[in-house]
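So the structure is just underneath, and the comments pick up after that.
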Amino acid sequence: MKLLSTILVLLVAAEHFYIAWLEMTQIPSEKAAETFKLPYEFMEQKQVQILFGNQGLYNGFLGIGLVWSRFAVPDNAVYGATILFLGFVLIAAAWGAFSSGNKGILVKQGLPAMLAAAAVLAV
């Protein structure tokens, strides 16, 4: 179960590294317009690119925090650090779904984090 929980946590981290890459380097692009369901022309605005870049940085921090929680914290802190960062992901997913009106965020971002948290709690 420990291996499964680590794999799930790393999948959540990878998802956040991908989101960070997309938000920080691919705005504007057709892929980003499709992913975020926004007009390409909207993403051409400098202010929008800055906002996405900042948001991408935070997604990168979530990914780094998840990797750190599994491999770099003292053994007695792995559980707490992992649950903390998965909790951040769950809160971000809930807020993103609520604030954007896109309930799909709960499935795409929240469900993997929830499954990872369940696996961590089961260890």
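We label chains A, B, ... in the order they appear in the structure tokens, count residues from 1 in each chain, and number ligands from 1 in the order shown.
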
Contacts of Gln55 in chain A within 10 Å, only C-alpha atoms, excl. fewer than 4 positions in-chain, as a count of residues only: 10

Spatial neighbours of Leu111 in chain A, 9 Å, only C-alpha atoms, chain gap at least 6 places, as a ChimeraX atom specification: /A:90,93,105

Who sits within 8 Å of Ala33 in chain A, only C-alpha atoms, same chain under 6 positions skipped, as a ChimeraX atom specification: /A:39-40,43

Just-selected residues, all heavy atoms written as a compact mmCIF listing (two decimals), in the first residue's frame:
# COMPACT_ATOMS: atom_id res chain seq x y z
N PRO A 39 -10.86 31.89 -24.89
CA PRO A 39 -10.51 32.32 -26.25
C PRO A 39 -9.01 32.63 -26.35
O PRO A 39 -8.42 33.23 -25.46
CB PRO A 39 -11.32 33.60 -26.44
CG PRO A 39 -12.33 33.63 -25.36
CD PRO A 39 -11.80 32.79 -24.24
N TYR A 40 -8.42 32.22 -27.46
CA TYR A 40 -7.01 32.47 -27.70
C TYR A 40 -6.71 33.97 -27.60
O TYR A 40 -5.69 34.37 -27.04
CB TYR A 40 -6.62 31.94 -29.09
CG TYR A 40 -5.16 32.07 -29.40
CD1 TYR A 40 -4.28 31.07 -29.06
CD2 TYR A 40 -4.66 33.20 -30.03
CE1 TYR A 40 -2.93 31.16 -29.34
CE2 TYR A 40 -3.31 33.33 -30.31
CZ TYR A 40 -2.45 32.30 -29.96
OH TYR A 40 -1.11 32.42 -30.23
N MET A 43 -6.12 35.19 -24.14
CA MET A 43 -4.83 34.80 -23.58
C MET A 43 -3.66 35.58 -24.19
O MET A 43 -2.56 35.53 -23.67
CB MET A 43 -4.61 33.30 -23.74
CG MET A 43 -5.55 32.48 -22.88
SD MET A 43 -5.18 30.73 -22.90
CE MET A 43 -5.27 30.36 -24.62

Leu121 in chain A environment, 9 Å, only C-alpha atoms, sequence neighbours closer than 6 positions dropped, as a ChimeraX atom specification: /A:5,79,83

Secondary structure check, alpha helix (DSSP H) residues of range 6-92 of chain A, as an NGL selection string: :A and (6-25 or 30-36 or 40-43 or 46-71 or 78-92)

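Here the question is which of A:Gly101, A:Phe17, A:Glu44, A:Leu115 gets nearest to Ser29 in chain A using only C-alpha atoms, and that residue is A:Glu44.
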
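The nearest approach to Ala118 in chain A among the residues A:Gly63, A:Leu106, A:Leu86, A:Phe98, with only C-alpha atoms taken into account, belongs to A:Leu86.
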
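Pairwise distance (CA of Gln109 in chain A, CA of Val12 in chain A) equals 8.0 Å.
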
Non-local contacts of Met1 in chain A (9 Å; only C-alpha atoms; under 5 positions in same chain excluded) as a PyMOL selection string: chain A and resi 6+119-120+122-123

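Between Leu62 in chain A and the residues A:His16, A:Lys2, A:Lys46, A:Lys108, the shortest atom-to-atom distance, using only C-alpha atoms, involves A:His16.
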
Polymer residues at most 12 Å from Val107 in chain A, only C-alpha atoms, same-chain spacing of 5 or more positions, as a PyMOL selection string: chain A and resi 90+93-94+96-97+102+112-115

Go ahead and save the picked residues with N, CA and C atoms, as a tab-separated table (two decimals), in the first residue's frame.
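Wrote again_3.tsv, looks like this:
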chain	number	residue	atom	x	y	z
A	90	LEU	N	-6.63	19.60	-2.86
A	90	LEU	CA	-8.09	19.44	-2.76
A	90	LEU	C	-8.78	20.79	-2.58
A	93	ALA	N	-8.70	22.57	-5.91
A	93	ALA	CA	-9.67	21.99	-6.83
A	93	ALA	C	-11.08	22.45	-6.50
A	94	ALA	N	-11.41	22.46	-5.22
A	94	ALA	CA	-12.75	22.90	-4.81
A	94	ALA	C	-12.96	24.38	-5.15
A	96	GLY	N	-11.30	26.17	-7.40
A	96	GLY	CA	-11.32	26.32	-8.85
A	96	GLY	C	-12.66	25.95	-9.46
A	97	ALA	N	-13.23	24.86	-8.99
A	97	ALA	CA	-14.54	24.43	-9.50
A	97	ALA	C	-15.62	25.43	-9.12
A	102	ASN	N	-16.72	25.44	-13.28
A	102	ASN	CA	-16.33	24.25	-14.02
A	102	ASN	C	-16.18	23.09	-13.05
A	112	PRO	N	-7.90	12.71	-8.34
A	112	PRO	CA	-6.59	12.07	-8.12
A	112	PRO	C	-6.01	12.38	-6.73
A	113	ALA	N	-6.17	13.61	-6.28
A	113	ALA	CA	-5.67	13.98	-4.95
A	113	ALA	C	-6.44	13.24	-3.85
A	114	MET	N	-7.73	13.06	-4.03
A	114	MET	CA	-8.54	12.35	-3.06
A	114	MET	C	-8.12	10.87	-2.98
A	115	LEU	N	-7.89	10.27	-4.15
A	115	LEU	CA	-7.45	8.87	-4.18
A	115	LEU	C	-6.06	8.72	-3.53

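Nearest to Leu57 in chain A of all the residues A:Ala32, A:Thr25, A:Gly110, A:Val89 is A:Thr25, counting only C-alpha atoms.
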
Residue nearest Glu15 in chain A - candidates A:Val48, A:Leu3, A:Ile27, A:Val67, atoms counted: only C-alpha atoms: A:Val67
